[in-house]
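Undergrad: Dropping the structure in here first, questions after.
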Amino acid sequence: MEQTERIYIWRRFTLREAVLLCFCATLIVLTRAGLRLHLHLPGHVMFFTMFFFLLARGCVPKVGAATLVGLITSLASVILGMGSGGAMVLVKFLLPALVVDLAGLIAPAFVTSLLACATVGVLASLLRAGANTGVEWLLGMDEEIMLQKTVISAGMNGLWGGLGALAVPAIIRRLRKNGLIDQGAAAT
Amino acid sequence: MQKGPPKFRTSLRSRGYPCRFAEHDSPVHRMGAGWKLLFGVFLSALAAGGRTPLMQAILVMGTLAYYLSARLTLRDLWCDVRLFAFQAAMVIPLYCMLDGVEKGLWPGVRISTQIVLFYLPGAVFLRTTRTSEAMAALRRIVPYRLSFLVFVSVRFVPLFFRELEEIVALQRLRGARLSPREQMNPRNWPDLFNCVVLPLMVRAFRTADEVSRSAEARAFGLHRERTYLDVAAMGRADGEEAVSEVEGRDGAYPVKALTD
């Protein structure tokens, strides 16, 4: 007998999907904690952040999946003492997540394309760098200096984000091949 | 036997990474998490607006007083603002190069100070708030369905950490190139994804299945409001009465037994 699953959150995710997305957030937090202890490279956080955002979108191909991961990650980061920016942490995770969801809305199957993933990864990472620039603009920093800083930080963020995103299509394909996720389900 | 006061940190040495919680007894530690968050946002807003030397001096004194009243040390302060210090070392020379030392020095110092003042209240919040307190505060403002997911995410960090360690150890025994030195080489990165991330995701799928089934078996998420199983009603040894109260006449969980 086939049993329909009850919708748990945001009128689209079942409890299983929501828990799976929250595990993606756990893995982002875990890799952030691991990387902050060992690496001192600007923008390196975006490597695993983009990887798990895109993986979440691939595992749960519904609009809002990445946004939910971003929201949970930011709240969990604040609780675990990993984000000193207060409300900025929310913006820093939500902006790239929204880009991933927007890409999913435009091209539902983009997670299997190497080029699309890299493009989305770079774009989302650039936007995160832009959030920092927003604070500096708010504080009244000179535009020329702000631009120079933004170019450097956006470049590093984009590079790491793009590299992390490149790994996603192969993982999604293997998960699909083994029947662990749906075969290219359309976005809802 | 009289119990002594709880032992708090006496060393001046800062421990661990920036913004790590510091166990201490201070007025700031005793403040509610919500108030701390609100006060932090207020201080950050003032930092964004304060651009005159006098205003900045007052803000620096005020924020420092707030930081030090949490019995945090100067070493802690350095640990928290170290990143911004490096940023200042870049911003001030850029201003000086652009406008000359005479004109560029003050704007450079002002912006660098403002950035530190903007982020420092957040650091105080994290330094002085326990995870449990932050969770309690979050529960008040975030819908329970979302807060449940956040707590699950936090609770499963140790489990996935252990999983990660085990997977890495086993895969290294099988010859995967996963040591930190080997991972410095990007050619070894496929091993990281194929031998670690993939098994970790498989584990995440299985755990998500178990957690969701377990929660749904307890009728979690059935109602719009958060419900709790009334253990007292279940434990009552009145035979049929207790059973019917928990299960309900139509087999559904009654509000009396589930709602707090």
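By order in the structure tokens, chains are A, B, ...; within a chain, residues start at 1; ligands start at 1, following the order shown.
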So that I can see what lies close to range 160-169 of chain A, please list as a PDB file with C-alpha atoms, in the first residue's frame the residues with an atom at most 6 Å from it, counting only C-alpha atoms and leaving out residues fewer than 6 positions away in the same chain.

TA:
ATOM      1  CA  HIS A  44      37.916  29.099   1.573  1.00  0.00           C
ATOM      2  CA  MET A  46      32.798  28.964   0.225  1.00  0.00           C
ATOM      3  CA  PHE A  47      34.306  25.700  -1.021  1.00  0.00           C
ATOM      4  CA  PHE A  48      32.181  23.403   1.138  1.00  0.00           C
ATOM      5  CA  MET A  50      28.633  25.988  -2.157  1.00  0.00           C
ATOM      6  CA  PHE A  51      29.241  22.262  -2.441  1.00  0.00           C
ATOM      7  CA  VAL A 111      22.964  20.415 -10.765  1.00  0.00           C
ATOM      8  CA  THR A 112      24.066  17.766 -13.260  1.00  0.00           C
ATOM      9  CA  LEU A 114      29.429  21.069 -14.703  1.00  0.00           C
ATOM     10  CA  CYS A 117      27.176  24.400 -11.309  1.00  0.00           C
ATOM     11  CA  ALA A 118      30.449  26.315 -11.645  1.00  0.00           C
ATOM     12  CA  GLY A 121      28.865  28.562  -7.485  1.00  0.00           C
ATOM     13  CA  VAL A 122      30.907  31.566  -8.616  1.00  0.00           C
ATOM     14  CA  SER A 125      30.075  33.322  -3.827  1.00  0.00           C
TER      15      SER A 125
END

Undergrad: Taking only C-alpha atoms into account, which residues of chain A are within 7 Å of chain B, as a ChimeraX atom specification?

TA: /A:8-9,15-16,19-20,22-23,25-26,30,72,75-76,79-81,84-86,138-139,141,145,171

Undergrad: Considering only C-alpha atoms, state which residue in the set A:Ile181, A:Leu147, A:Ala103, A:Leu98 is at the smallest distance from Val60 in chain A.

TA: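 Among the listed residues, A:Ile181 lies closest to Val60 in chain A.
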
Undergrad: Apply DSSP to the structure's backbone, then extract all residues of range 10-148 of chain A labelled helix (DSSP H, G or I) and return them as a ChimeraX atom specification.

TA: /A:15-38,45-59,65-79,87-106,110-112,114-139,143-148

Undergrad: With only C-alpha atoms as the basis for distance, which of A:Pro42, A:Gly179, A:Thr14, A:Val69 is at the shortest distance from Phe86 in chain B?

TA: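 Distance minimum relative to Phe86 in chain B lands on A:Pro42.
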
Undergrad: Just list the residues in chain A DSSP gives strand (DSSP E) on the backbone, as JSON, numbers by chain.

TA: {"A": [7, 8, 9, 13, 14]}

Undergrad: Can you tell me which residues surround Ala131 in chain A at a distance of at most 9 Å, considering only C-alpha atoms, apart from same-chain residues fewer than 4 positions away, and format the answer as an MDAnalysis selection string?

TA: chainID A and resid 88 91:92 95 126:127 135:136

Undergrad: At what distance in Å, to one decimal, does CA of Leu159 in chain B lie from CA of Ser214 in chain B?

TA: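 We find that CA of Ser214 in chain B and CA of Leu159 in chain B lie 17.1 Å from each other.
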
Undergrad: Name the closest residue to Gln171 in chain B among the candidates B:Asp99, B:Asp191, B:Glu225, B:Asp25; distances are taken between atoms, counting only C-alpha atoms.

TA: B:Asp191
